[in-house]
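Notes for the one structure printed next.
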Amino acid sequence: METTEKAKLYVGGKEIELPVIVGTEGEKAIEMSQFRKQTGYVTLDRSLMNTAVCQSSITFVDGERGILRYRGYPVEELVKSNSFVDVAYLLVHGDLPTPEIKKDFSHLLNINSLMHEDMRHFFDRLPRGAHPMHILSTMINALAVFYPNVDQLSMDEDIKISTARLISTVRTMAAFAYKKSIGEPVVYPRIDLSYCANFLNMMFDSPVLPYRISEDAVRILNVLLILHADHEQNCSTTTVRTIGSAQVNLYATISAGISALSGPLHGGANQQVVEMLRTIEREGSIEKYFERVKNHNDPTKLMGFGHRVYKTFDPRAKIIKEECHKFLNKMNINDPLLEVAREVEKAALNDEYFVKRNLYPNVDFYSGIVYRALGIPENMFTVMFALARLPGWIAHWREMIGMETKIVRPRQIYVGKTIRHT
């Protein structure tokens, strides 16, 4: 909200006053929308490192204190007593569902879990070796052809159905994409299974080897999806808001978000963590790996440590570390990479070089280990991230169109040639 406080700037030989905006958690921002009109200047903030692009009531992150809340609820509380379906509803609709509302929402998820059968033919035309993330992006974009009523004008009356269809169908698509990549027959969703149980069954059930659903596996998958469900204005979410500001339909907008997430600097981090642990295990020396990380002329990085926002610890990492250890012990899974991960974490937290740079473990450090334990292959890790982030993207898209946002159109500073003539 705007306050009586003003920011005074001296620009071009004159003093101007700009409004100060304060969020409900005390964050302060200077309202710059009239800055160019008043001064002729624009602001330059590369990669939007210090620019708030919107006001939002969905997710609060405090990187200095290690806080993550969805609609006011600490994520630590949500993972203890809620399912991913509960949190998906919370993000999109603003409140946790009552038992009756959850029953209705779960029913909507179930009846919308099937893809249009004609879309099956799309899978048959894609190369077997295609990356599941690229398949998923393509298939979601195609949804607009089969379900056209997802534009801004129709969302008031169709938001519940469109949300449920997208959250549920994307899960089916992800499992189908995996089955396609390994040449196995697809497994259809079952109405008697919960959201996460259904996904695991569609991924791993087989005519020759029926999949036994473990409640522990279902629980930890719920935890993983909740921890990744939203994280305010990251690259993919900002992409969703930017694309959506042009009144692009929901499916094409989400497809753009998935494309942004597919990059190794955003959604591919946990896969890179597993690759790093495998390299350390193969070389047999954490110290030698750390030496390469510290060498400014060496491109080697310590994956799964540090975060653009969190400057102390990632609250999600604390949760998934504990859950990871409990799950692997209970399932009697012996993963040598987990032992490597424990040693890497211990060594890094006792190394002044990393501590001084606030390089603490983030959520990606352990999530890849958990996905491995669930049987999910590494080329599906980013797909799992997209599956989890979907409710957050939808929530931001819905909030953005509800504010009647103008189309996003940043400025630039031109540094090319001055006028030339032929």
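By convention in this document, the chains of the structure tokens carry letters A, B, ... by their order, each chain's residues are numbered from 1, and ligands are numbered from 1 in the order they are shown.
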
List the spatial neighbours of Ser214 in chain A as a list in words - criterion: any atom at most 12 Å away, only C-alpha atoms, same-chain residues fewer than 5 positions off excluded. Cys196, Ala197, Asn198, Leu200, Asn201, Arg219, Ile220, Leu221, Phe327, Lys330, Met331 and Leu374 of chain A

Based on the selection just made, write N, CA, C and O atoms of those residues as a PDB file, in the first residue's frame.
ATOM      1  N   CYS A 196      -0.923 -38.029  -5.852  1.00  0.00           N
ATOM      2  CA  CYS A 196       0.468 -38.515  -5.931  1.00  0.00           C
ATOM      3  C   CYS A 196       0.535 -40.018  -6.148  1.00  0.00           C
ATOM      4  O   CYS A 196       1.404 -40.511  -6.879  1.00  0.00           O
ATOM      5  N   ALA A 197      -0.371 -40.772  -5.534  1.00  0.00           N
ATOM      6  CA  ALA A 197      -0.399 -42.218  -5.752  1.00  0.00           C
ATOM      7  C   ALA A 197      -0.700 -42.525  -7.212  1.00  0.00           C
ATOM      8  O   ALA A 197      -0.108 -43.444  -7.803  1.00  0.00           O
ATOM      9  N   ASN A 198      -1.592 -41.756  -7.793  1.00  0.00           N
ATOM     10  CA  ASN A 198      -1.939 -41.945  -9.204  1.00  0.00           C
ATOM     11  C   ASN A 198      -0.727 -41.708 -10.094  1.00  0.00           C
ATOM     12  O   ASN A 198      -0.477 -42.459 -11.040  1.00  0.00           O
ATOM     13  N   LEU A 200       2.528 -41.945  -9.336  1.00  0.00           N
ATOM     14  CA  LEU A 200       3.502 -43.027  -9.187  1.00  0.00           C
ATOM     15  C   LEU A 200       3.038 -44.288  -9.904  1.00  0.00           C
ATOM     16  O   LEU A 200       3.841 -44.991 -10.533  1.00  0.00           O
ATOM     17  N   ASN A 201       1.737 -44.582  -9.825  1.00  0.00           N
ATOM     18  CA  ASN A 201       1.218 -45.768 -10.501  1.00  0.00           C
ATOM     19  C   ASN A 201       1.308 -45.634 -12.019  1.00  0.00           C
ATOM     20  O   ASN A 201       1.680 -46.584 -12.722  1.00  0.00           O
ATOM     21  N   ARG A 219       3.736 -40.115   0.536  1.00  0.00           N
ATOM     22  CA  ARG A 219       3.904 -38.997   1.471  1.00  0.00           C
ATOM     23  C   ARG A 219       5.081 -38.107   1.082  1.00  0.00           C
ATOM     24  O   ARG A 219       4.945 -36.883   1.034  1.00  0.00           O
ATOM     25  N   ILE A 220       6.237 -38.718   0.778  1.00  0.00           N
ATOM     26  CA  ILE A 220       7.400 -37.879   0.490  1.00  0.00           C
ATOM     27  C   ILE A 220       7.256 -37.176  -0.852  1.00  0.00           C
ATOM     28  O   ILE A 220       7.782 -36.074  -1.045  1.00  0.00           O
ATOM     29  N   LEU A 221       6.515 -37.773  -1.791  1.00  0.00           N
ATOM     30  CA  LEU A 221       6.251 -37.076  -3.052  1.00  0.00           C
ATOM     31  C   LEU A 221       5.369 -35.860  -2.794  1.00  0.00           C
ATOM     32  O   LEU A 221       5.584 -34.788  -3.377  1.00  0.00           O
ATOM     33  N   PHE A 327      13.073 -41.301   4.941  1.00  0.00           N
ATOM     34  CA  PHE A 327      12.522 -42.132   3.879  1.00  0.00           C
ATOM     35  C   PHE A 327      13.493 -43.243   3.477  1.00  0.00           C
ATOM     36  O   PHE A 327      13.115 -44.416   3.372  1.00  0.00           O
ATOM     37  N   LYS A 330      13.718 -45.846   6.274  1.00  0.00           N
ATOM     38  CA  LYS A 330      12.515 -46.664   6.426  1.00  0.00           C
ATOM     39  C   LYS A 330      12.349 -47.643   5.275  1.00  0.00           C
ATOM     40  O   LYS A 330      11.917 -48.781   5.470  1.00  0.00           O
ATOM     41  N   MET A 331      12.709 -47.197   4.064  1.00  0.00           N
ATOM     42  CA  MET A 331      12.567 -48.061   2.895  1.00  0.00           C
ATOM     43  C   MET A 331      13.780 -48.974   2.719  1.00  0.00           C
ATOM     44  O   MET A 331      13.828 -49.768   1.776  1.00  0.00           O
ATOM     45  N   LEU A 374      12.775 -42.820  -5.325  1.00  0.00           N
ATOM     46  CA  LEU A 374      11.421 -43.123  -5.801  1.00  0.00           C
ATOM     47  C   LEU A 374      11.433 -43.850  -7.137  1.00  0.00           C
ATOM     48  O   LEU A 374      10.401 -44.346  -7.577  1.00  0.00           O
TER      49      LEU A 374
END

Based on DSSP run over this structure's backbone, return all residues of range 247-309 of chain A in alpha helix (DSSP H), as a ChimeraX atom specification. /A:250-261,269-283,286-294

Atoms kept (C-alpha atoms) for selection, written as an mmCIF file, in the first residue's frame:
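Written out: selection_13.cif:
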data_model
loop_
_atom_site.group_PDB
_atom_site.id
_atom_site.type_symbol
_atom_site.label_atom_id
_atom_site.label_comp_id
_atom_site.auth_asym_id
_atom_site.auth_seq_id
_atom_site.Cartn_x
_atom_site.Cartn_y
_atom_site.Cartn_z
ATOM 1 C CA LEU A 250 -3.552 -20.135 -19.925
ATOM 2 C CA TYR A 251 -2.119 -23.224 -21.608
ATOM 3 C CA ALA A 252 0.264 -21.348 -23.899
ATOM 4 C CA THR A 253 1.318 -19.221 -20.928
ATOM 5 C CA ILE A 254 2.104 -22.275 -18.797
ATOM 6 C CA SER A 255 3.981 -23.817 -21.734
ATOM 7 C CA ALA A 256 6.213 -20.728 -21.747
ATOM 8 C CA GLY A 257 6.811 -21.136 -18.015
ATOM 9 C CA ILE A 258 7.888 -24.741 -18.566
ATOM 10 C CA SER A 259 10.301 -23.633 -21.277
ATOM 11 C CA ALA A 260 11.846 -21.138 -18.848
ATOM 12 C CA LEU A 261 12.095 -23.834 -16.194
ATOM 13 C CA ALA A 269 19.766 -27.826 -10.592
ATOM 14 C CA ASN A 270 18.902 -31.066 -8.756
ATOM 15 C CA GLN A 271 19.950 -33.121 -11.765
ATOM 16 C CA GLN A 272 23.276 -31.285 -11.731
ATOM 17 C CA VAL A 273 23.622 -32.054 -8.018
ATOM 18 C CA VAL A 274 23.339 -35.784 -8.731
ATOM 19 C CA GLU A 275 25.907 -35.462 -11.512
ATOM 20 C CA MET A 276 28.255 -33.618 -9.122
ATOM 21 C CA LEU A 277 27.878 -36.291 -6.431
ATOM 22 C CA ARG A 278 28.529 -38.979 -9.001
ATOM 23 C CA THR A 279 31.697 -37.167 -10.109
ATOM 24 C CA ILE A 280 32.935 -36.865 -6.506
ATOM 25 C CA GLU A 281 32.159 -40.540 -5.850
ATOM 26 C CA ARG A 282 34.057 -41.554 -8.984
ATOM 27 C CA GLU A 283 37.088 -39.371 -8.193
ATOM 28 C CA ILE A 286 35.835 -34.074 -1.932
ATOM 29 C CA GLU A 287 38.912 -31.942 -1.262
ATOM 30 C CA LYS A 288 40.098 -32.080 -4.866
ATOM 31 C CA TYR A 289 36.618 -31.195 -6.109
ATOM 32 C CA PHE A 290 36.491 -28.231 -3.705
ATOM 33 C CA GLU A 291 39.867 -27.049 -4.981
ATOM 34 C CA ARG A 292 38.464 -26.850 -8.506
ATOM 35 C CA VAL A 293 35.407 -24.975 -7.236
ATOM 36 C CA LYS A 294 37.621 -22.399 -5.530
#

Let me make sure I understand: among A:Tyr70, A:Met203, A:Asp335, A:Val61, which one has the smallest atom-to-atom distance to Asp95 in chain A if we use only C-alpha atoms? A:Tyr70

Please produce, as a Markdown table, a per-residue contact table for range 291-392 of chain A versus range 237-249 of chain A (criterion: any atom at most 10 Å away, only C-alpha atoms considered), showing the nearest atom pair and its distance in Å to one decimal, sorted by chain then residue number.
| residue | atom | partner | partner_atom | distance |
| --- | --- | --- | --- | --- |
| A:Arg389 | CA | A:Thr237 | CA | 8.9 |
| A:Leu390 | CA | A:Thr237 | CA | 9.7 |
| A:Gly392 | CA | A:Thr237 | CA | 7.9 |

Can I get the selection written as a JSON list (two decimals), in the first residue's frame, with N, CA and C atoms?
[["chain", "number", "residue", "atom", "x", "y", "z"],
["A", 389, "ARG", "N", 5.34, -26.88, -9.61],
["A", 389, "ARG", "CA", 5.22, -25.43, -9.73],
["A", 389, "ARG", "C", 3.93, -24.99, -10.42],
["A", 390, "LEU", "N", 3.22, -25.92, -11.03],
["A", 390, "LEU", "CA", 2.02, -25.59, -11.80],
["A", 390, "LEU", "C", 0.98, -24.78, -11.02],
["A", 392, "GLY", "N", 1.39, -22.77, -8.56],
["A", 392, "GLY", "CA", 1.92, -21.43, -8.35],
["A", 392, "GLY", "C", 1.82, -20.59, -9.61]]

I'd like the contact shell of Asp86 in chain A - 7 Å cut-off, only C-alpha atoms, skipping same-chain residues fewer than 3 positions apart - returned as a ChimeraX atom specification. /A:82-83,89-90,96-97

Okay, now the selection with N, CA, C and O atoms, as a PDB file, in the first residue's frame?
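The new file out-v7.pdb reads:
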ATOM      1  N   ASN A  82      -0.774 -31.318   5.417  1.00  0.00           N
ATOM      2  CA  ASN A  82      -1.550 -31.092   4.195  1.00  0.00           C
ATOM      3  C   ASN A  82      -0.952 -31.855   3.021  1.00  0.00           C
ATOM      4  O   ASN A  82       0.246 -32.131   2.983  1.00  0.00           O
ATOM      5  N   SER A  83      -1.812 -32.173   2.061  1.00  0.00           N
ATOM      6  CA  SER A  83      -1.373 -32.827   0.834  1.00  0.00           C
ATOM      7  C   SER A  83      -1.067 -31.764  -0.223  1.00  0.00           C
ATOM      8  O   SER A  83      -1.388 -30.582  -0.061  1.00  0.00           O
ATOM      9  N   TYR A  89      -4.827 -26.022  -4.051  1.00  0.00           N
ATOM     10  CA  TYR A  89      -6.062 -25.250  -3.894  1.00  0.00           C
ATOM     11  C   TYR A  89      -5.788 -23.934  -3.171  1.00  0.00           C
ATOM     12  O   TYR A  89      -6.304 -22.878  -3.558  1.00  0.00           O
ATOM     13  N   LEU A  90      -4.977 -23.996  -2.121  1.00  0.00           N
ATOM     14  CA  LEU A  90      -4.622 -22.791  -1.363  1.00  0.00           C
ATOM     15  C   LEU A  90      -3.992 -21.733  -2.259  1.00  0.00           C
ATOM     16  O   LEU A  90      -4.385 -20.556  -2.224  1.00  0.00           O
ATOM     17  N   LEU A  96      -7.006 -22.619   2.421  1.00  0.00           N
ATOM     18  CA  LEU A  96      -7.012 -24.074   2.444  1.00  0.00           C
ATOM     19  C   LEU A  96      -8.442 -24.581   2.310  1.00  0.00           C
ATOM     20  O   LEU A  96      -9.376 -23.972   2.841  1.00  0.00           O
ATOM     21  N   PRO A  97      -8.648 -25.684   1.606  1.00  0.00           N
ATOM     22  CA  PRO A  97     -10.011 -26.169   1.402  1.00  0.00           C
ATOM     23  C   PRO A  97     -10.596 -26.803   2.659  1.00  0.00           C
ATOM     24  O   PRO A  97      -9.879 -27.444   3.434  1.00  0.00           O
TER      25      PRO A  97
END

Quick one: residues within 8 Å of Leu227 in chain A, only C-alpha atoms counted, chain neighbours fewer than 2 positions away excluded, as a list in words? Val75, Val79, Val223, Leu224, Leu225, Ala229, Asp230 and Arg316 of chain A

Keeping only C-alpha atoms, write those residues as a PDB file, in the first residue's frame.
ATOM      1  CA  VAL A  75       5.768 -24.116   4.479  1.00  0.00           C
ATOM      2  CA  VAL A  79       4.111 -30.203   4.762  1.00  0.00           C
ATOM      3  CA  VAL A 223       6.288 -33.110   0.523  1.00  0.00           C
ATOM      4  CA  LEU A 224       8.527 -32.571  -2.516  1.00  0.00           C
ATOM      5  CA  LEU A 225       5.701 -31.121  -4.599  1.00  0.00           C
ATOM      6  CA  ALA A 229       4.820 -25.322  -5.461  1.00  0.00           C
ATOM      7  CA  ASP A 230       5.728 -21.619  -5.603  1.00  0.00           C
ATOM      8  CA  ARG A 316      12.919 -26.102   2.146  1.00  0.00           C
TER       9      ARG A 316
END

Just the residues within 10 Å of range 47-53 of chain A, please, counting only C-alpha atoms, with nothing from its chain fewer than 6 positions along; format it as a PyMOL selection string. chain A and resi 28-32+233+235+238+241-242+308-309+408

Just to be explicit: take each residue in the selection above, keep N, CA, C and O atoms, and write the result as a tab-separated table (two decimals), in the first residue's frame.
chain	number	residue	atom	x	y	z
A	28	LYS	N	9.73	-2.52	1.56
A	28	LYS	CA	9.52	-1.18	1.01
A	28	LYS	C	10.02	-1.09	-0.42
A	28	LYS	O	11.02	-1.70	-0.78
A	29	ALA	N	9.29	-0.33	-1.21
A	29	ALA	CA	9.67	-0.12	-2.61
A	29	ALA	C	9.36	1.32	-2.99
A	29	ALA	O	8.45	1.95	-2.45
A	30	ILE	N	10.14	1.85	-3.92
A	30	ILE	CA	9.87	3.18	-4.48
A	30	ILE	C	9.10	2.99	-5.77
A	30	ILE	O	9.53	2.27	-6.66
A	31	GLU	N	7.95	3.62	-5.86
A	31	GLU	CA	7.10	3.53	-7.06
A	31	GLU	C	7.73	4.35	-8.19
A	31	GLU	O	7.82	5.56	-8.11
A	32	MET	N	8.17	3.65	-9.25
A	32	MET	CA	8.95	4.30	-10.31
A	32	MET	C	8.18	4.49	-11.62
A	32	MET	O	8.76	4.92	-12.61
A	233	GLN	N	8.71	-14.42	-7.44
A	233	GLN	CA	9.04	-13.98	-8.81
A	233	GLN	C	10.37	-14.54	-9.33
A	233	GLN	O	11.31	-13.82	-9.62
A	235	CYS	N	12.40	-16.92	-12.35
A	235	CYS	CA	12.46	-16.76	-13.80
A	235	CYS	C	11.19	-17.27	-14.49
A	235	CYS	O	10.59	-16.58	-15.32
A	238	THR	N	7.97	-15.19	-13.47
A	238	THR	CA	7.99	-13.90	-14.14
A	238	THR	C	7.68	-14.07	-15.63
A	238	THR	O	7.01	-13.22	-16.24
A	241	ARG	N	3.90	-14.40	-15.91
A	241	ARG	CA	3.23	-13.11	-15.78
A	241	ARG	C	3.47	-12.24	-17.01
A	241	ARG	O	2.57	-11.52	-17.46
A	242	THR	N	4.67	-12.30	-17.57
A	242	THR	CA	4.99	-11.48	-18.74
A	242	THR	C	4.19	-11.94	-19.95
A	242	THR	O	3.55	-11.13	-20.64
A	308	ARG	N	19.88	-17.49	-4.91
A	308	ARG	CA	19.76	-16.07	-5.28
A	308	ARG	C	19.06	-15.27	-4.18
A	308	ARG	O	19.40	-14.11	-3.93
A	309	VAL	N	18.10	-15.89	-3.50
A	309	VAL	CA	17.30	-15.17	-2.51
A	309	VAL	C	17.77	-15.44	-1.08
A	309	VAL	O	17.98	-14.52	-0.30
A	408	VAL	N	3.38	-6.18	-20.40
A	408	VAL	CA	4.73	-5.89	-19.92
A	408	VAL	C	5.57	-5.36	-21.08
A	408	VAL	O	5.63	-5.95	-22.15

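Distance check against Glu345 in chain A using only C-alpha atoms: of A:Pro315, A:Gly304, A:Arg36, A:Asn332, the minimum falls on A:Gly304.
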